>>> print(open('target-v3.txt').read())   # compact mmCIF, C-alpha atoms and all ligand atoms
# COMPACT_ATOMS: atom_id res chain seq x y z
CA MET A 1 -22.66 10.21 -3.41
CA PRO A 2 -25.58 12.09 -1.83
CA GLN A 3 -26.64 15.10 -3.91
CA ARG A 4 -26.28 17.48 -0.98
CA ARG A 5 -22.63 16.56 -0.42
CA VAL A 6 -21.85 17.04 -4.12
CA LEU A 7 -23.40 20.51 -4.00
CA MET A 8 -21.58 21.42 -0.81
CA ALA A 9 -18.25 20.29 -2.13
CA ALA A 10 -18.84 21.97 -5.48
CA THR A 11 -19.59 25.23 -3.66
CA LEU A 12 -16.39 24.89 -1.66
CA VAL A 13 -14.43 24.45 -4.86
CA ALA A 14 -16.12 27.48 -6.41
CA ILE A 15 -15.24 29.60 -3.38
CA ALA A 16 -11.68 28.30 -3.15
CA ALA A 17 -10.80 28.71 -6.83
CA PRO A 18 -10.54 32.51 -7.01
CA LEU A 19 -8.78 32.57 -3.64
CA LEU A 20 -6.14 30.23 -4.97
CA ALA A 21 -5.70 32.22 -8.14
CA HIS A 22 -4.99 35.45 -6.26
CA ALA A 23 -3.19 34.05 -3.26
CA GLN A 24 0.55 34.51 -2.91
CA SER A 25 1.03 30.87 -2.18
CA LEU A 26 -0.87 27.73 -2.90
CA VAL A 27 -1.54 25.59 0.15
CA LEU A 28 -2.15 21.95 -0.69
CA LYS A 29 -4.40 20.25 1.81
CA ALA A 30 -3.19 16.66 2.26
CA ALA A 31 -5.25 13.88 3.83
CA ASP A 32 -4.26 10.60 5.46
CA THR A 33 -6.33 8.21 7.54
CA HIS A 34 -3.29 7.35 9.68
CA PRO A 35 -2.13 9.33 12.70
CA ALA A 36 0.82 11.72 12.91
CA GLY A 37 4.11 9.84 12.87
CA TYR A 38 2.86 7.03 10.59
CA PRO A 39 5.29 6.37 7.70
CA THR A 40 2.92 7.62 4.98
CA VAL A 41 2.16 10.79 6.93
CA VAL A 42 5.83 11.57 7.60
CA ALA A 43 6.87 10.91 3.98
CA VAL A 44 4.16 13.23 2.61
CA GLU A 45 5.00 15.92 5.17
CA ASN A 46 8.65 15.74 4.12
CA MET A 47 7.60 15.98 0.50
CA GLY A 48 5.72 19.14 1.44
CA LYS A 49 8.82 20.65 3.06
CA LYS A 50 10.85 20.00 -0.07
CA LEU A 51 8.10 21.47 -2.25
CA GLU A 52 8.00 24.59 -0.14
CA ALA A 53 11.79 24.97 -0.26
CA ALA A 54 11.99 24.34 -4.00
CA THR A 55 9.32 26.96 -4.77
CA ASN A 56 10.47 29.52 -2.20
CA GLY A 57 7.24 29.10 -0.33
CA ARG A 58 4.99 29.51 -3.38
CA ILE A 59 3.58 26.00 -2.86
CA LYS A 60 3.06 24.64 0.63
CA LEU A 61 1.52 21.47 1.97
CA GLN A 62 -0.60 21.15 5.06
CA MET A 63 -1.11 17.65 6.43
CA PHE A 64 -4.45 16.60 7.91
CA ALA A 65 -3.64 13.23 9.46
CA GLY A 66 -5.82 10.87 11.48
CA ALA A 67 -8.83 10.91 9.12
CA VAL A 68 -9.85 14.41 10.23
CA LEU A 69 -10.98 15.11 6.66
CA GLY A 70 -13.10 11.96 6.63
CA GLN A 71 -12.84 8.23 6.09
CA GLU A 72 -11.00 7.19 2.94
CA LYS A 73 -14.06 6.77 0.72
CA GLU A 74 -15.33 10.26 1.53
CA SER A 75 -11.86 11.79 1.36
CA VAL A 76 -11.43 10.35 -2.13
CA GLU A 77 -14.69 11.98 -3.20
CA GLN A 78 -13.47 15.28 -1.79
CA THR A 79 -10.22 14.85 -3.71
CA GLN A 80 -12.10 14.17 -6.94
CA LEU A 81 -13.93 17.45 -6.41
CA GLY A 82 -10.81 19.41 -5.53
CA ALA A 83 -11.71 20.19 -1.92
CA ILE A 84 -8.74 18.03 -0.84
CA GLN A 85 -5.67 18.47 -3.01
CA ILE A 86 -3.41 15.56 -2.04
CA ASN A 87 -4.49 12.24 -0.60
CA ARG A 88 -2.66 9.11 0.48
CA ILE A 89 -5.06 6.19 0.35
CA SER A 90 -5.04 2.46 -0.02
CA LEU A 91 -5.35 1.33 -3.61
CA GLY A 92 -8.13 -0.88 -2.27
CA VAL A 93 -10.58 2.02 -2.15
CA VAL A 94 -9.59 3.20 -5.63
CA GLY A 95 -10.69 -0.09 -7.22
CA PRO A 96 -14.41 0.74 -7.26
CA ILE A 97 -13.76 4.02 -9.12
CA VAL A 98 -10.84 2.95 -11.34
CA PRO A 99 -11.42 -0.78 -11.95
CA ASP A 100 -8.09 -1.07 -13.82
CA VAL A 101 -6.18 -0.88 -10.54
CA ASN A 102 -7.90 -3.97 -9.16
CA VAL A 103 -5.14 -6.04 -10.72
CA PHE A 104 -2.99 -5.02 -7.71
CA ASN A 105 -5.89 -5.60 -5.30
CA MET A 106 -6.29 -9.30 -5.95
CA PRO A 107 -5.37 -11.86 -3.30
CA PHE A 108 -1.88 -13.35 -3.69
CA VAL A 109 -1.19 -11.50 -6.94
CA PHE A 110 2.30 -10.69 -5.66
CA ARG A 111 4.59 -13.43 -4.37
CA ASP A 112 5.78 -11.27 -1.49
CA VAL A 113 6.42 -7.66 -0.53
CA ALA A 114 9.76 -7.57 -2.39
CA HIS A 115 7.96 -8.63 -5.58
CA MET A 116 5.32 -5.93 -5.12
CA ARG A 117 8.06 -3.29 -4.69
CA LYS A 118 9.80 -4.36 -7.89
CA VAL A 119 6.51 -4.10 -9.75
CA ILE A 120 5.48 -0.67 -8.43
CA ASP A 121 8.98 0.75 -8.97
CA GLY A 122 9.07 -0.38 -12.60
CA PRO A 123 7.12 0.15 -15.83
CA ILE A 124 3.97 -1.66 -14.62
CA GLY A 125 3.80 0.68 -11.62
CA ASP A 126 4.09 3.69 -13.93
CA GLU A 127 1.42 2.31 -16.23
CA LEU A 128 -1.05 1.87 -13.38
CA LEU A 129 -0.42 5.40 -12.09
CA GLN A 130 -1.08 6.61 -15.63
CA LYS A 131 -4.30 4.58 -15.79
CA VAL A 132 -5.54 6.37 -12.69
CA THR A 133 -4.60 9.72 -14.24
CA ASP A 134 -6.23 8.89 -17.58
CA SER A 135 -9.43 7.54 -16.03
CA PRO A 136 -12.51 9.75 -15.61
CA ALA A 137 -11.93 9.75 -11.82
CA ARG A 138 -10.32 13.23 -11.79
CA LEU A 139 -7.34 11.96 -9.79
CA VAL A 140 -3.69 12.13 -10.77
CA GLY A 141 -1.56 9.16 -9.72
CA LEU A 142 1.63 10.64 -8.23
CA ALA A 143 3.43 7.78 -6.53
CA TRP A 144 3.16 4.50 -4.67
CA MET A 145 3.75 3.75 -1.03
CA ASP A 146 4.22 0.58 0.94
CA SER A 147 1.64 -1.12 3.08
CA GLY A 148 3.41 -4.44 3.49
CA SER A 149 1.13 -7.44 3.57
CA ARG A 150 -2.24 -7.86 5.23
CA SER A 151 -2.89 -10.72 7.61
CA LEU A 152 -5.89 -11.78 9.60
CA TYR A 153 -6.52 -10.92 13.25
CA ALA A 154 -9.37 -12.53 15.08
CA LYS A 155 -10.69 -13.53 18.46
CA LYS A 156 -9.45 -17.07 17.93
CA PRO A 157 -6.41 -18.61 16.27
CA VAL A 158 -6.82 -19.29 12.56
CA ARG A 159 -4.56 -21.72 10.72
CA THR A 160 -6.73 -23.09 7.94
CA PRO A 161 -9.72 -21.94 5.86
CA GLU A 162 -11.88 -24.24 8.05
CA ASP A 163 -10.91 -22.22 11.13
CA LEU A 164 -12.41 -19.12 9.49
CA LYS A 165 -15.82 -20.71 9.20
CA GLY A 166 -18.51 -18.55 10.82
CA LEU A 167 -16.12 -15.66 11.55
CA LYS A 168 -17.27 -12.19 10.50
CA VAL A 169 -14.25 -10.36 9.20
CA ARG A 170 -14.12 -6.70 8.27
CA MET A 171 -12.74 -5.94 4.81
CA MET A 172 -12.15 -2.63 3.01
CA GLY A 173 -14.97 -1.23 0.88
CA ASN A 174 -14.43 -3.05 -2.41
CA PRO A 175 -16.49 -6.12 -3.42
CA LEU A 176 -13.28 -7.84 -4.43
CA PHE A 177 -12.19 -7.99 -0.78
CA VAL A 178 -15.51 -9.33 0.49
CA ASP A 179 -15.28 -12.06 -2.16
CA THR A 180 -11.71 -12.74 -1.04
CA MET A 181 -12.67 -13.27 2.59
CA ASN A 182 -15.64 -15.41 1.63
CA ALA A 183 -13.37 -17.56 -0.53
CA MET A 184 -10.88 -17.84 2.33
CA GLY A 185 -13.62 -19.39 4.45
CA GLY A 186 -14.92 -16.47 6.54
CA ASN A 187 -17.75 -13.96 6.14
CA GLY A 188 -16.44 -10.75 4.65
CA ILE A 189 -18.10 -7.54 5.82
CA SER A 190 -17.19 -4.22 4.29
CA MET A 191 -16.82 -1.38 6.77
CA ALA A 192 -14.94 1.93 7.08
CA TYR A 193 -11.60 1.75 8.89
CA GLY A 194 -12.76 4.17 11.58
CA GLU A 195 -15.58 1.84 12.62
CA VAL A 196 -13.51 -1.30 13.06
CA PHE A 197 -12.32 -0.74 16.63
CA SER A 198 -15.79 -0.48 18.15
CA ALA A 199 -17.16 -3.22 15.89
CA LEU A 200 -14.44 -5.54 17.24
CA GLN A 201 -15.12 -4.46 20.79
CA THR A 202 -18.86 -4.95 20.62
CA GLY A 203 -18.61 -8.25 18.74
CA VAL A 204 -20.31 -6.94 15.59
CA ILE A 205 -17.30 -8.51 13.85
CA ASP A 206 -14.92 -11.24 15.01
CA GLY A 207 -11.85 -10.05 13.22
CA ALA A 208 -10.30 -7.88 10.57
CA GLU A 209 -7.14 -7.92 8.51
CA ASN A 210 -4.27 -5.51 8.13
CA ASN A 211 -0.53 -5.00 8.46
CA PRO A 212 1.09 -4.78 11.93
CA PRO A 213 1.47 -0.95 11.96
CA SER A 214 -2.25 -0.45 11.25
CA TYR A 215 -3.30 -3.20 13.66
CA PHE A 216 -1.36 -1.40 16.37
CA THR A 217 -1.94 2.31 15.63
CA ALA A 218 -5.69 1.88 15.10
CA ASN A 219 -5.77 0.12 18.47
CA HIS A 220 -7.48 -2.93 16.98
CA TYR A 221 -5.27 -5.18 19.10
CA ASN A 222 -6.88 -3.75 22.23
CA THR A 223 -10.05 -5.75 21.53
CA PRO A 224 -10.85 -9.47 21.66
CA ALA A 225 -9.00 -9.85 18.29
CA LYS A 226 -5.68 -10.93 19.81
CA TYR A 227 -4.56 -13.66 17.38
CA TYR A 228 -2.58 -12.51 14.36
CA ALA A 229 -2.64 -15.27 11.74
CA GLN A 230 0.01 -14.53 9.11
CA THR A 231 -1.97 -15.27 5.99
CA HIS A 232 -0.38 -12.43 3.94
CA HIS A 233 -3.39 -12.75 1.63
CA LEU A 234 -3.34 -9.19 0.29
CA ILE A 235 -0.33 -7.07 -0.61
CA ILE A 236 -1.92 -3.78 -1.57
CA PRO A 237 0.20 -0.77 -2.32
CA GLU A 238 -0.86 2.65 -1.12
CA ILE A 239 -1.26 5.38 -3.70
CA LEU A 240 -0.57 9.09 -3.44
CA VAL A 241 -2.97 11.07 -5.60
CA MET A 242 -3.54 14.70 -6.43
CA SER A 243 -6.86 16.19 -7.39
CA LYS A 244 -7.03 16.75 -11.14
CA VAL A 245 -8.59 20.13 -10.39
CA THR A 246 -5.39 21.18 -8.61
CA TRP A 247 -3.04 19.46 -11.05
CA ASP A 248 -4.52 21.36 -13.99
CA ARG A 249 -3.81 24.64 -12.23
CA LEU A 250 -0.09 23.89 -11.86
CA SER A 251 2.45 24.94 -14.48
CA LYS A 252 4.23 22.17 -16.37
CA ASP A 253 7.36 22.82 -14.28
CA ASP A 254 5.46 22.59 -11.01
CA GLN A 255 3.79 19.38 -12.17
CA ALA A 256 7.21 17.87 -12.92
CA LEU A 257 8.49 19.01 -9.52
CA VAL A 258 5.53 17.50 -7.68
CA LYS A 259 5.97 14.24 -9.55
CA ARG A 260 9.70 14.07 -8.80
CA LEU A 261 9.23 14.79 -5.10
CA ALA A 262 6.40 12.26 -4.91
CA ARG A 263 8.75 9.61 -6.28
CA GLU A 264 11.31 10.59 -3.64
CA ALA A 265 8.59 10.23 -1.02
CA GLN A 266 7.86 6.74 -2.35
CA MET A 267 11.45 5.72 -1.63
CA GLU A 268 11.66 7.51 1.72
CA GLN A 269 8.40 6.00 2.95
CA ARG A 270 9.72 2.51 2.27
CA GLU A 271 12.56 2.91 4.74
CA LEU A 272 10.23 4.34 7.35
CA TRP A 273 7.87 1.48 6.64
CA ASP A 274 10.39 -1.28 7.20
CA ARG A 275 11.34 0.24 10.53
CA SER A 276 7.73 0.65 11.57
CA VAL A 277 6.81 -2.96 10.76
CA ALA A 278 9.67 -4.16 12.98
CA ASP A 279 8.75 -1.67 15.71
CA TYR A 280 5.03 -2.39 15.80
CA THR A 281 5.52 -6.14 15.54
CA ALA A 282 7.68 -5.94 18.66
CA LYS A 283 5.10 -3.74 20.40
CA LEU A 284 2.26 -6.12 19.51
CA LYS A 285 4.22 -9.09 20.82
CA ALA A 286 5.05 -7.20 24.01
CA ALA A 287 1.32 -6.52 24.40
CA GLY A 288 0.65 -10.27 24.33
CA ILE A 289 -0.57 -10.65 20.75
CA GLN A 290 0.02 -14.15 19.43
CA PHE A 291 1.59 -14.28 15.99
CA ILE A 292 0.60 -17.50 14.26
CA ASP A 293 2.63 -18.99 11.41
CA VAL A 294 0.26 -20.12 8.72
CA ASP A 295 0.68 -22.37 5.72
CA THR A 296 -0.62 -19.92 3.11
CA ARG A 297 -1.04 -22.53 0.35
CA PRO A 298 -4.65 -23.54 1.24
CA PHE A 299 -5.62 -19.85 1.31
CA TYR A 300 -3.92 -19.29 -2.03
CA GLU A 301 -5.81 -22.21 -3.51
CA ALA A 302 -9.13 -21.21 -1.94
CA THR A 303 -8.90 -17.75 -3.53
CA ALA A 304 -8.24 -19.03 -7.07
CA PRO A 305 -11.88 -18.33 -8.10
CA VAL A 306 -11.46 -14.68 -7.02
CA ARG A 307 -8.39 -14.30 -9.21
CA ALA A 308 -10.25 -16.02 -12.03
CA LYS A 309 -13.30 -13.75 -11.67
CA TYR A 310 -11.53 -10.41 -11.29
CA GLY A 311 -8.39 -11.30 -13.20
CA ALA A 312 -10.11 -12.38 -16.44
CA GLN A 313 -9.64 -8.89 -17.87
CA PHE A 314 -5.99 -8.72 -16.75
CA THR A 315 -4.53 -11.99 -18.04
CA ASP A 316 -1.63 -10.38 -19.93
CA LEU A 317 -0.86 -7.96 -17.14
CA MET A 318 -0.94 -10.72 -14.53
CA LYS A 319 1.55 -12.68 -16.59
CA ARG A 320 3.82 -9.63 -16.81
CA ILE A 321 3.52 -9.15 -13.03
CA ALA A 322 4.39 -12.80 -12.41
CA ASP A 323 7.39 -12.46 -14.75
CA VAL A 324 8.91 -9.65 -12.67
CA ARG A 325 11.75 -11.27 -10.72
C1 LIG B 401 -4.31 0.41 5.96
C2 LIG B 401 -4.12 1.43 4.88
C3 LIG B 401 -5.18 2.49 5.01
C4 LIG B 401 -6.57 1.90 5.09
C5 LIG B 401 -6.66 0.76 6.06
C6 LIG B 401 -7.99 0.01 5.99
O1 LIG B 401 -3.33 -0.60 5.81
O2 LIG B 401 -2.86 2.04 5.02
O3 LIG B 401 -5.03 3.38 3.94
O4 LIG B 401 -6.98 1.51 3.84
O5 LIG B 401 -5.60 -0.16 5.86
O6 LIG B 401 -7.98 -1.18 6.24
O7 LIG B 401 -9.02 0.62 5.73
>>> encode(input="target-v3.txt", output="structure tokens", more="lines below")
Ligand code: GTR
Amino acid sequence: MPQRRVLMAATLVAIAAPLLAHAQSLVLKAADTHPAGYPTVVAVENMGKKLEAATNGRIKLQMFAGAVLGQEKESVEQTQLGAIQINRISLGVVGPIVPDVNVFNMPFVFRDVAHMRKVIDGPIGDELLQKVTDSPARLVGLAWMDSGSRSLYAKKPVRTPEDLKGLKVRMMGNPLFVDTMNAMGGNGISMAYGEVFSALQTGVIDGAENNPPSYFTANHYNTPAKYYAQTHHLIIPEILVMSKVTWDRLSKDDQALVKRLAREAQMEQRELWDRSVADYTAKLKAAGIQFIDVDTRPFYEATAPVRAKYGAQFTDLMKRIADVR
């Protein structure tokens, strides 16, 4: 992180701290890269309403949707420093700062979305949240959210790893994902979410990968990338985190309340998510996007070296994940 930004953010924290201590109410600034109305945004806003009601207005939440507080990587840095108090991000961008979570970021580590949900709802999910909290990252893992599965969209139909040859495909900023795309047959390029639309339009990249709600709401379908090949290669949960700086200022009771409401948000978001996948899939089809059924087996096999490379340190955990039925 550039020195100047660290200083700036540190100054902000220093200014904000006494204000918070004396203020009547604590206002939690919440960030999300997605626009208003997106399932994660709505679930966190509702969590904020409950928090406000339960504390008689002592703790409030203010949502900053649509990446107005920065792209995910930057917003995570701000959260680590305490300038953002709550953040809903993809676990993908947490991998480089808390390597333990990369077990969930590996290609085809979950059989399907239902499997992922069982894992995040159970003891393994709790353990991973705790690993984030216990890491030196200064983030507290509050809850999980759903992001369905990620599939490839490109300017031409893709059915096999051979079809991906020569295609430049945007991946999230985590070397694991670039390796994944390279193993799948394409050329992985890491890029911030906010840059993908114009990169697709100008031909800097030939495709990207995401779930249908993101593909639609980020307008990526309004580019030459009109073929949605259902590879389902990544099933990455979202994570809701709080800045450790803020967490440490809360009383034990408030911490427990935040945690409980975050878990409720996890469950609420899931229902919103299922509806939004159906909705946006229909909208994409109506807009002329071609959904391609893909035999995922060759992609699963092609990515075995990625699971071997990144999964070597998680062998026991991967076995426990696979055993969740
Ligand atoms: C979305 C996810 C975002 C962001 C985005 C991306 O599915 O919800 O948090 O990570 O993908 O591709 O950058």
>>> residues_around(input="target-v3.txt", residues="Ala65 of chain A", least_positions_apart="4", cutoff="12 Å", atoms="only C-alpha atoms", output="PDB file with C-alpha atoms, in the coordinates of the input")
ATOM      1  CA  LYS A  29      -4.400  20.250   1.810  1.00  0.00           C
ATOM      2  CA  ALA A  30      -3.190  16.660   2.260  1.00  0.00           C
ATOM      3  CA  ALA A  31      -5.250  13.880   3.830  1.00  0.00           C
ATOM      4  CA  ASP A  32      -4.260  10.600   5.460  1.00  0.00           C
ATOM      5  CA  THR A  33      -6.330   8.210   7.540  1.00  0.00           C
ATOM      6  CA  HIS A  34      -3.290   7.350   9.680  1.00  0.00           C
ATOM      7  CA  PRO A  35      -2.130   9.330  12.700  1.00  0.00           C
ATOM      8  CA  ALA A  36       0.820  11.720  12.910  1.00  0.00           C
ATOM      9  CA  GLY A  37       4.110   9.840  12.870  1.00  0.00           C
ATOM     10  CA  TYR A  38       2.860   7.030  10.590  1.00  0.00           C
ATOM     11  CA  PRO A  39       5.290   6.370   7.700  1.00  0.00           C
ATOM     12  CA  THR A  40       2.920   7.620   4.980  1.00  0.00           C
ATOM     13  CA  VAL A  41       2.160  10.790   6.930  1.00  0.00           C
ATOM     14  CA  VAL A  42       5.830  11.570   7.600  1.00  0.00           C
ATOM     15  CA  VAL A  44       4.160  13.230   2.610  1.00  0.00           C
ATOM     16  CA  GLU A  45       5.000  15.920   5.170  1.00  0.00           C
ATOM     17  CA  LEU A  69     -10.980  15.110   6.660  1.00  0.00           C
ATOM     18  CA  GLY A  70     -13.100  11.960   6.630  1.00  0.00           C
ATOM     19  CA  GLN A  71     -12.840   8.230   6.090  1.00  0.00           C
ATOM     20  CA  GLU A  72     -11.000   7.190   2.940  1.00  0.00           C
ATOM     21  CA  SER A  75     -11.860  11.790   1.360  1.00  0.00           C
ATOM     22  CA  ILE A  86      -3.410  15.560  -2.040  1.00  0.00           C
ATOM     23  CA  ASN A  87      -4.490  12.240  -0.600  1.00  0.00           C
ATOM     24  CA  ARG A  88      -2.660   9.110   0.480  1.00  0.00           C
ATOM     25  CA  ILE A  89      -5.060   6.190   0.350  1.00  0.00           C
TER      26      ILE A  89
END
>>> closest_residue(input="target-v3.txt", among="A:Asp100, A:Asp146, A:Glu271, A:Glu127", to="ligand LIG 401 (chain B)", atoms="all atoms listed in the file")
A:Asp146
>>> residues_around(input="target-v3.txt", residues="Arg150 of chain A", least_positions_apart="6", cutoff="10 Å", atoms="only C-alpha atoms", output="PyMOL selection string")
chain A and resi 107+208-212+214-215+229-236
>>> atom_distance(input="target-v3.txt", atom1="atom CA of Ile59 of chain A", atom2="atom CA of Ile239 of chain A")
21.2 Å
>>> closest_residue(input="target-v3.txt", among="A:Arg307, A:Lys283, A:Arg117, A:Lys60", to="Glu238 of chain A", atoms="all atoms listed in the file")
A:Arg117
>>> residues_around(input="target-v3.txt", residues="Val294 of chain A", least_positions_apart="4", cutoff="12 Å", atoms="all atoms listed in the file", output="short mmCIF file (atom, residue, chain, number, x, y, z; two decimals) with C-alpha atoms, in the coordinates of the input")
data_model
loop_
_atom_site.label_atom_id
_atom_site.label_comp_id
_atom_site.auth_asym_id
_atom_site.auth_seq_id
_atom_site.Cartn_x
_atom_site.Cartn_y
_atom_site.Cartn_z
CA SER A 151 -2.89 -10.72 7.61
CA LEU A 152 -5.89 -11.78 9.60
CA PRO A 157 -6.41 -18.61 16.27
CA VAL A 158 -6.82 -19.29 12.56
CA ARG A 159 -4.56 -21.72 10.72
CA THR A 160 -6.73 -23.09 7.94
CA PRO A 161 -9.72 -21.94 5.86
CA ASP A 163 -10.91 -22.22 11.13
CA TYR A 227 -4.56 -13.66 17.38
CA TYR A 228 -2.58 -12.51 14.36
CA ALA A 229 -2.64 -15.27 11.74
CA GLN A 230 0.01 -14.53 9.11
CA THR A 231 -1.97 -15.27 5.99
CA HIS A 232 -0.38 -12.43 3.94
CA HIS A 233 -3.39 -12.75 1.63
CA PRO A 298 -4.65 -23.54 1.24
CA PHE A 299 -5.62 -19.85 1.31
CA TYR A 300 -3.92 -19.29 -2.03
#
>>> atom_distance(input="target-v3.txt", atom1="atom CA of Gly95 of chain A", atom2="atom CA of Asp274 of chain A")
25.6 Å
>>> closest_residue(input="target-v3.txt", among="A:Asn105, A:Gln78, A:Ser25, A:Asn182", to="ligand LIG 401 (chain B)", atoms="only C-alpha atoms and all ligand atoms")
A:Asn105
>>> atom_distance(input="target-v3.txt", atom1="atom CA of Thr223 of chain A", atom2="atom CA of Lys155 of chain A")
8.4 Å
>>> residues_around(input="target-v3.txt", residues="Pro237 of chain A", least_positions_apart="4", cutoff="8 Å", atoms="all atoms listed in the file", output="ChimeraX atom specification")
/A:90-91,104,116,144-148
>>> closest_residue(input="target-v3.txt", among="A:Val103, A:Leu164, A:Met172, A:Ala43", to="ligand LIG 401 (chain B)", atoms="only C-alpha atoms and all ligand atoms")
A:Met172
>>> closest_residue(input="target-v3.txt", among="A:Leu128, A:Met191, A:Ala183, A:Val101", to="ligand LIG 401 (chain B)", atoms="only C-alpha atoms and all ligand atoms")
A:Met191
>>> closest_residue(input="target-v3.txt", among="A:Lys131, A:Lys50, A:Arg111, A:His220", to="ligand LIG 401 (chain B)", atoms="only C-alpha atoms and all ligand atoms")
A:His220
>>> axis_aligned_box(input="target-v3.txt", around="ligand LIG 401 (chain B)", padding_each_side="4 Å", output="JSON")
{"center_x": -5.9, "center_y": 1.1, "center_z": 5.0, "size_x": 14.2, "size_y": 12.6, "size_z": 10.4}
>>> residues_around(input="target-v3.txt", residues="Val132 of chain A", least_positions_apart="5", cutoff="12 Å", atoms="all atoms listed in the file", output="MDAnalysis selection string")
chainID A and resid 80 91 94:102 125:127 137:144 239:244
>>> residues_near_point(input="target-v3.txt", point="(-11.7, -12.6, 8.6)", cutoff="7 Å", atoms="all atoms listed in the file", output="list of chain:residue names")
A:Leu152, A:Ala154, A:Leu164, A:Leu167, A:Lys168, A:Val169, A:Arg170, A:Met181, A:Gly186, A:Asn187, A:Gly188, A:Gly207, A:Ala208, A:Glu209
